[in-house]
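model-v9.cif follows; it contains mmCIF, C-alpha atoms.
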data_input
loop_
_atom_site.label_atom_id
_atom_site.label_comp_id
_atom_site.auth_asym_id
_atom_site.auth_seq_id
_atom_site.Cartn_x
_atom_site.Cartn_y
_atom_site.Cartn_z
CA MET A 1 14.80 -95.85 89.32
CA VAL A 2 17.86 -95.64 87.09
CA LYS A 3 18.13 -92.64 84.73
CA LYS A 4 20.05 -92.58 81.51
CA ASN A 5 23.30 -90.66 81.51
CA SER A 6 22.30 -88.74 78.39
CA LEU A 7 19.11 -87.35 79.92
CA LYS A 8 20.79 -84.66 82.03
CA PRO A 9 22.71 -83.01 79.12
CA LYS A 10 19.54 -83.05 77.02
CA LEU A 11 17.57 -81.33 79.77
CA LYS A 12 20.28 -78.70 80.20
CA ALA A 13 20.34 -78.05 76.46
CA ALA A 14 16.56 -77.67 76.44
CA ASP A 15 16.79 -75.18 79.32
CA ARG A 16 19.39 -73.15 77.43
CA ARG A 17 17.19 -73.07 74.34
CA ARG A 18 14.18 -72.04 76.41
CA LYS A 19 16.14 -69.24 78.09
CA LYS A 20 17.48 -68.05 74.74
CA ARG A 21 13.94 -67.95 73.31
CA SER A 22 12.52 -66.02 76.26
CA SER A 23 15.36 -63.51 76.26
CA ALA A 24 14.98 -62.98 72.50
CA SER A 25 11.26 -62.25 72.87
CA ASN A 26 11.91 -59.67 75.61
CA ARG A 27 14.13 -57.41 73.54
CA PRO A 28 12.92 -55.42 70.52
CA ALA A 29 13.52 -56.85 67.07
CA ARG A 30 16.00 -55.26 64.68
CA GLY A 31 14.63 -52.32 62.76
CA LEU A 32 11.64 -51.88 65.06
CA PRO A 33 11.07 -49.02 67.45
CA ALA A 34 11.75 -49.89 71.09
CA SER A 35 8.03 -49.58 71.85
CA GLN A 36 7.14 -52.32 69.36
CA SER A 37 8.10 -55.81 70.48
CA LEU A 38 8.77 -58.91 68.41
CA GLY A 39 5.31 -60.28 69.18
CA GLU A 40 3.69 -57.17 67.81
CA ALA A 41 5.78 -57.31 64.64
CA SER A 42 4.98 -60.91 63.79
CA GLY A 43 1.86 -62.81 62.68
CA THR A 44 -0.85 -60.59 64.07
CA THR A 45 0.14 -57.41 62.24
CA CYS A 46 1.23 -59.03 58.98
CA LYS A 47 -1.18 -57.77 56.32
CA VAL A 48 0.61 -59.27 53.30
CA ASP A 49 -1.19 -61.94 51.25
CA VAL A 50 1.53 -64.60 51.27
CA VAL A 51 -0.50 -67.13 49.27
CA GLY A 52 -1.15 -64.48 46.63
CA LEU A 53 2.56 -63.68 46.39
CA ILE A 54 3.47 -67.37 46.09
CA THR A 55 0.82 -67.87 43.42
CA GLU A 56 2.12 -64.85 41.52
CA VAL A 57 5.71 -66.15 41.54
CA ILE A 58 4.59 -69.63 40.42
CA LEU A 59 2.51 -68.25 37.55
CA LYS A 60 5.32 -65.93 36.40
CA HIS A 61 7.70 -68.88 36.39
CA VAL A 62 5.29 -71.11 34.47
CA ASP A 63 4.46 -68.38 31.93
CA HIS A 64 8.12 -68.16 30.91
CA ARG A 65 8.51 -70.15 27.69
CA HIS A 66 11.72 -71.91 28.74
CA HIS A 67 10.33 -73.22 32.03
CA SER A 68 8.30 -76.30 32.77
CA GLY A 69 4.62 -75.62 33.19
CA THR A 70 3.43 -78.81 34.85
CA ASP A 71 1.67 -79.43 38.13
CA ALA A 72 4.18 -82.12 39.09
CA PHE A 73 7.15 -79.77 38.72
CA VAL A 74 5.59 -76.98 40.81
CA LEU A 75 4.31 -79.34 43.49
CA SER A 76 7.62 -81.16 43.82
CA THR A 77 9.41 -77.82 44.22
CA LEU A 78 6.94 -76.68 46.89
CA SER A 79 7.21 -80.02 48.68
CA GLY A 80 10.98 -79.69 48.63
CA ILE A 81 10.70 -76.26 50.22
CA MET A 82 8.56 -77.69 53.00
CA ARG A 83 11.06 -80.52 53.57
CA GLY A 84 13.98 -78.11 53.46
CA SER A 85 15.74 -80.07 50.72
CA ALA A 86 17.83 -78.56 47.96
CA PRO A 87 16.27 -78.49 44.48
CA ALA A 88 17.56 -81.17 42.12
CA THR A 89 17.35 -79.26 38.82
CA PRO A 90 18.46 -75.75 37.88
CA GLU A 91 14.89 -74.87 36.95
CA ALA A 92 13.59 -75.99 40.35
CA ALA A 93 16.41 -74.02 41.98
CA HIS A 94 15.31 -70.94 40.02
CA LEU A 95 11.70 -71.28 41.21
CA ALA A 96 12.80 -72.00 44.77
CA GLY A 97 15.08 -68.95 44.66
CA ASN A 98 12.22 -66.74 43.52
CA LEU A 99 10.04 -68.11 46.31
CA GLN A 100 12.89 -67.54 48.79
CA ILE A 101 12.74 -63.83 47.92
CA ILE A 102 9.26 -63.83 49.47
CA ALA A 103 10.57 -65.61 52.57
CA ASP A 104 13.39 -63.08 52.92
CA ARG A 105 11.06 -60.08 53.02
CA ASP A 106 11.08 -58.17 56.30
CA ASP A 107 7.30 -57.90 56.47
CA ILE A 108 6.70 -61.67 56.18
CA PRO A 109 7.68 -63.88 59.11
CA GLU A 110 9.11 -67.32 58.28
CA ARG A 111 6.12 -69.00 59.87
CA ARG A 112 3.65 -67.13 57.65
CA TYR A 113 5.72 -68.05 54.58
CA ARG A 114 5.69 -71.75 55.48
CA GLU A 115 1.96 -71.60 56.20
CA GLY A 116 1.47 -70.02 52.76
CA VAL A 117 3.42 -72.78 51.02
CA GLU A 118 1.46 -75.39 52.98
CA SER A 119 -1.79 -73.68 52.00
CA VAL A 120 -0.87 -73.80 48.31
CA LEU A 121 0.03 -77.49 48.66
CA SER A 122 -3.28 -78.23 50.37
CA MET A 123 -5.11 -76.53 47.48
CA SER A 124 -3.33 -78.89 45.11
CA ARG A 125 -4.33 -81.93 47.16
CA GLN A 126 -7.97 -80.97 46.70
CA LEU A 127 -7.49 -81.09 42.93
CA GLU A 128 -5.61 -84.41 42.80
CA LYS A 129 -8.65 -86.42 41.77
CA THR A 130 -9.39 -84.39 38.65
CA GLN A 131 -8.55 -85.92 35.30
CA THR A 132 -7.54 -82.60 33.72
CA ALA A 133 -3.84 -82.18 33.04
CA ASP A 134 -2.32 -79.29 34.98
CA ALA A 135 -5.61 -78.61 36.78
CA PHE A 136 -3.74 -77.03 39.68
CA LEU A 137 -1.98 -74.43 37.50
CA GLN A 138 -5.28 -73.66 35.80
CA TYR A 139 -6.85 -73.21 39.24
CA LEU A 140 -4.07 -70.82 40.28
CA THR A 141 -4.57 -68.85 37.07
CA ILE A 142 -8.27 -68.45 37.85
CA LEU A 143 -7.50 -67.44 41.44
CA SER A 144 -5.05 -64.77 40.34
CA ARG A 145 -7.59 -62.95 38.18
#

Using the file provided, produce a representation of the structure as structure tokens.
Amino acid sequence: MVKKNSLKPKLKAADRRRKKRSSASNRPARGLPASQSLGEASGTTCKVDVVGLITEVILKHVDHRHHSGTDAFVLSTLSGIMRGSAPATPEAAHLAGNLQIIADRDDIPERRYREGVESVLSMSRQLEKTQTADAFLQYLTILSR
């Protein structure tokens, strides 16, 4: 059976990535005591309510009188974060920057942040069928109380 020439370099690159990942998980993370490994510092010990923090940032942004307070604006910004695309407007960049502050926190792993954004987006999908304007932002306001 004939193999493609590009298969071997791809397999070698995958092996290098795998080795890099396993060696990174064996050494302690920055800022942690040597007795606490990276696995212990991530997901399982994270006690921060990421969805609550994201909701708080969104509501603070929407409450500002110069910012857009529509479901479509907030949802498009959150979707852009999940896609990894750059915000198109300065206002969206401002909201994305405030949300990035949450992602940059030491006590919140990137995975938990992305799961939080996805959770907020899934909440909005449940409210898509309502006829009320800005039902999602009203829902977030009720949740935050």

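For the set A:Ser6, A:Ser124, A:Ser119, A:Thr77, the residue with the smallest atom-to-atom gap to Ala93 (chain A) is A:Thr77, counting all atoms listed in the file.
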
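With all atoms listed in the file as the basis for measurement, A:Ser76 is the residue among A:His61, A:Ile102, A:Arg114, A:Ser76 that approaches Thr89 (chain A) most closely.
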
Handout entry: Hits of the PyMOL selection byres ((chain A and resi 131-144) around 10) in this structure, as a ChimeraX atom specification
Key = /A:52-53,55-56,58-59,62,69-72,74-75,120-121,123-130,145

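Each of A:Val48, A:Leu95, A:Ala88, A:Met82 was compared to Ser68 (chain A) using only C-alpha atoms, and A:Leu95 turns out to be the nearest.
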
Practice task
Work out how far CA of Val51 (chain A) is from CA of Arg83 (chain A), in Å to one decimal.
Solution key: 18.2 Å

Practice task
Could you please determine the separation between CA of Ile108 (chain A) and CA of Ala92 (chain A) in Å, to one decimal place?
Solution key: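 Separation of CA of Ile108 (chain A) and CA of Ala92 (chain A): 22.4 Å.
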
Handout entry: Protein/DNA/RNA residues near (5.7, -63.8, 50.9), cut 9 Å, all atoms listed in the file, as a PyMOL selection string
Key = chain A and resi 48-54+99-105+107-110+112-113+116

As JSON, please report the centre and edge lengths, rounded to one decimal in Å, of the axis-aligned box that holds all listed atoms of region 6-13 of chain A with 3 Å of padding on each of the six sides.
{"center_x": 20.1, "center_y": -83.4, "center_z": 79.2, "size_x": 11.1, "size_y": 16.7, "size_z": 11.6}

Practice task
For CA of Lys60 (chain A) and CA of Leu78 (chain A), determine how far apart the two atoms are, in Å to one decimal place.
Solution key: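 The value is 15.1 Å.
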
Completion exercise
In terms of only C-alpha atoms, the residue from A:Asp106, A:Asp63, A:Asp15, A:Glu115 at minimal distance from Ile81 (chain A) is A:Glu115

Emit a file covering region 75-100 of chain A of the preceding structure with N, CA and C atoms, as a PDB file, in the first residue's frame.
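Okay, selection_13.pdb is ready:
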ATOM      1  N   LEU A  75     -24.796  38.939  22.050  1.00  0.00           N
ATOM      2  CA  LEU A  75     -24.640  37.590  21.524  1.00  0.00           C
ATOM      3  C   LEU A  75     -23.632  37.531  20.388  1.00  0.00           C
ATOM      4  N   SER A  76     -23.596  38.552  19.557  1.00  0.00           N
ATOM      5  CA  SER A  76     -22.602  38.548  18.478  1.00  0.00           C
ATOM      6  C   SER A  76     -21.191  38.705  19.043  1.00  0.00           C
ATOM      7  N   THR A  77     -21.045  39.477  20.100  1.00  0.00           N
ATOM      8  CA  THR A  77     -19.727  39.612  20.733  1.00  0.00           C
ATOM      9  C   THR A  77     -19.295  38.298  21.361  1.00  0.00           C
ATOM     10  N   LEU A  78     -20.210  37.625  22.062  1.00  0.00           N
ATOM     11  CA  LEU A  78     -19.883  36.334  22.679  1.00  0.00           C
ATOM     12  C   LEU A  78     -19.576  35.276  21.621  1.00  0.00           C
ATOM     13  N   SER A  79     -20.330  35.285  20.533  1.00  0.00           N
ATOM     14  CA  SER A  79     -20.059  34.335  19.449  1.00  0.00           C
ATOM     15  C   SER A  79     -18.693  34.599  18.822  1.00  0.00           C
ATOM     16  N   GLY A  80     -18.347  35.861  18.699  1.00  0.00           N
ATOM     17  CA  GLY A  80     -17.023  36.215  18.178  1.00  0.00           C
ATOM     18  C   GLY A  80     -15.908  35.735  19.084  1.00  0.00           C
ATOM     19  N   ILE A  81     -16.130  35.797  20.383  1.00  0.00           N
ATOM     20  CA  ILE A  81     -15.133  35.295  21.334  1.00  0.00           C
ATOM     21  C   ILE A  81     -14.950  33.795  21.140  1.00  0.00           C
ATOM     22  N   MET A  82     -16.051  33.077  20.984  1.00  0.00           N
ATOM     23  CA  MET A  82     -15.964  31.629  20.800  1.00  0.00           C
ATOM     24  C   MET A  82     -15.270  31.270  19.481  1.00  0.00           C
ATOM     25  N   ARG A  83     -15.482  32.071  18.442  1.00  0.00           N
ATOM     26  CA  ARG A  83     -14.824  31.832  17.158  1.00  0.00           C
ATOM     27  C   ARG A  83     -13.366  32.270  17.177  1.00  0.00           C
ATOM     28  N   GLY A  84     -13.042  33.176  18.089  1.00  0.00           N
ATOM     29  CA  GLY A  84     -11.687  33.710  18.131  1.00  0.00           C
ATOM     30  C   GLY A  84     -11.471  34.851  17.160  1.00  0.00           C
ATOM     31  N   SER A  85     -12.560  35.473  16.703  1.00  0.00           N
ATOM     32  CA  SER A  85     -12.430  36.568  15.746  1.00  0.00           C
ATOM     33  C   SER A  85     -12.332  37.912  16.477  1.00  0.00           C
ATOM     34  N   ALA A  86     -11.762  38.867  15.797  1.00  0.00           N
ATOM     35  CA  ALA A  86     -11.597  40.207  16.368  1.00  0.00           C
ATOM     36  C   ALA A  86     -12.927  40.962  16.273  1.00  0.00           C
ATOM     37  N   PRO A  87     -13.270  41.725  17.295  1.00  0.00           N
ATOM     38  CA  PRO A  87     -14.517  42.497  17.255  1.00  0.00           C
ATOM     39  C   PRO A  87     -14.480  43.550  16.151  1.00  0.00           C
ATOM     40  N   ALA A  88     -15.642  43.773  15.538  1.00  0.00           N
ATOM     41  CA  ALA A  88     -15.723  44.689  14.394  1.00  0.00           C
ATOM     42  C   ALA A  88     -15.876  46.144  14.814  1.00  0.00           C
ATOM     43  N   THR A  89     -16.537  46.399  15.942  1.00  0.00           N
ATOM     44  CA  THR A  89     -16.790  47.774  16.367  1.00  0.00           C
ATOM     45  C   THR A  89     -16.003  48.076  17.637  1.00  0.00           C
ATOM     46  N   PRO A  90     -15.755  49.354  17.901  1.00  0.00           N
ATOM     47  CA  PRO A  90     -15.051  49.710  19.138  1.00  0.00           C
ATOM     48  C   PRO A  90     -15.829  49.295  20.390  1.00  0.00           C
ATOM     49  N   GLU A  91     -17.144  49.368  20.308  1.00  0.00           N
ATOM     50  CA  GLU A  91     -17.954  48.984  21.465  1.00  0.00           C
ATOM     51  C   GLU A  91     -17.844  47.482  21.739  1.00  0.00           C
ATOM     52  N   ALA A  92     -17.862  46.685  20.681  1.00  0.00           N
ATOM     53  CA  ALA A  92     -17.697  45.241  20.835  1.00  0.00           C
ATOM     54  C   ALA A  92     -16.297  44.925  21.349  1.00  0.00           C
ATOM     55  N   ALA A  93     -15.305  45.680  20.888  1.00  0.00           N
ATOM     56  CA  ALA A  93     -13.937  45.490  21.369  1.00  0.00           C
ATOM     57  C   ALA A  93     -13.845  45.817  22.856  1.00  0.00           C
ATOM     58  N   HIS A  94     -14.581  46.828  23.296  1.00  0.00           N
ATOM     59  CA  HIS A  94     -14.588  47.199  24.712  1.00  0.00           C
ATOM     60  C   HIS A  94     -15.180  46.070  25.560  1.00  0.00           C
ATOM     61  N   LEU A  95     -16.318  45.522  25.126  1.00  0.00           N
ATOM     62  CA  LEU A  95     -16.935  44.417  25.857  1.00  0.00           C
ATOM     63  C   LEU A  95     -16.038  43.187  25.831  1.00  0.00           C
ATOM     64  N   ALA A  96     -15.477  42.875  24.677  1.00  0.00           N
ATOM     65  CA  ALA A  96     -14.579  41.723  24.573  1.00  0.00           C
ATOM     66  C   ALA A  96     -13.342  41.907  25.449  1.00  0.00           C
ATOM     67  N   GLY A  97     -12.835  43.140  25.530  1.00  0.00           N
ATOM     68  CA  GLY A  97     -11.691  43.420  26.398  1.00  0.00           C
ATOM     69  C   GLY A  97     -12.029  43.220  27.863  1.00  0.00           C
ATOM     70  N   ASN A  98     -13.220  43.644  28.265  1.00  0.00           N
ATOM     71  CA  ASN A  98     -13.641  43.438  29.651  1.00  0.00           C
ATOM     72  C   ASN A  98     -13.823  41.958  29.953  1.00  0.00           C
ATOM     73  N   LEU A  99     -14.333  41.209  28.991  1.00  0.00           N
ATOM     74  CA  LEU A  99     -14.465  39.765  29.185  1.00  0.00           C
ATOM     75  C   LEU A  99     -13.099  39.081  29.183  1.00  0.00           C
ATOM     76  N   GLN A 100     -12.151  39.624  28.431  1.00  0.00           N
ATOM     77  CA  GLN A 100     -10.804  39.053  28.397  1.00  0.00           C
ATOM     78  C   GLN A 100     -10.113  39.190  29.751  1.00  0.00           C
TER      79      GLN A 100
END
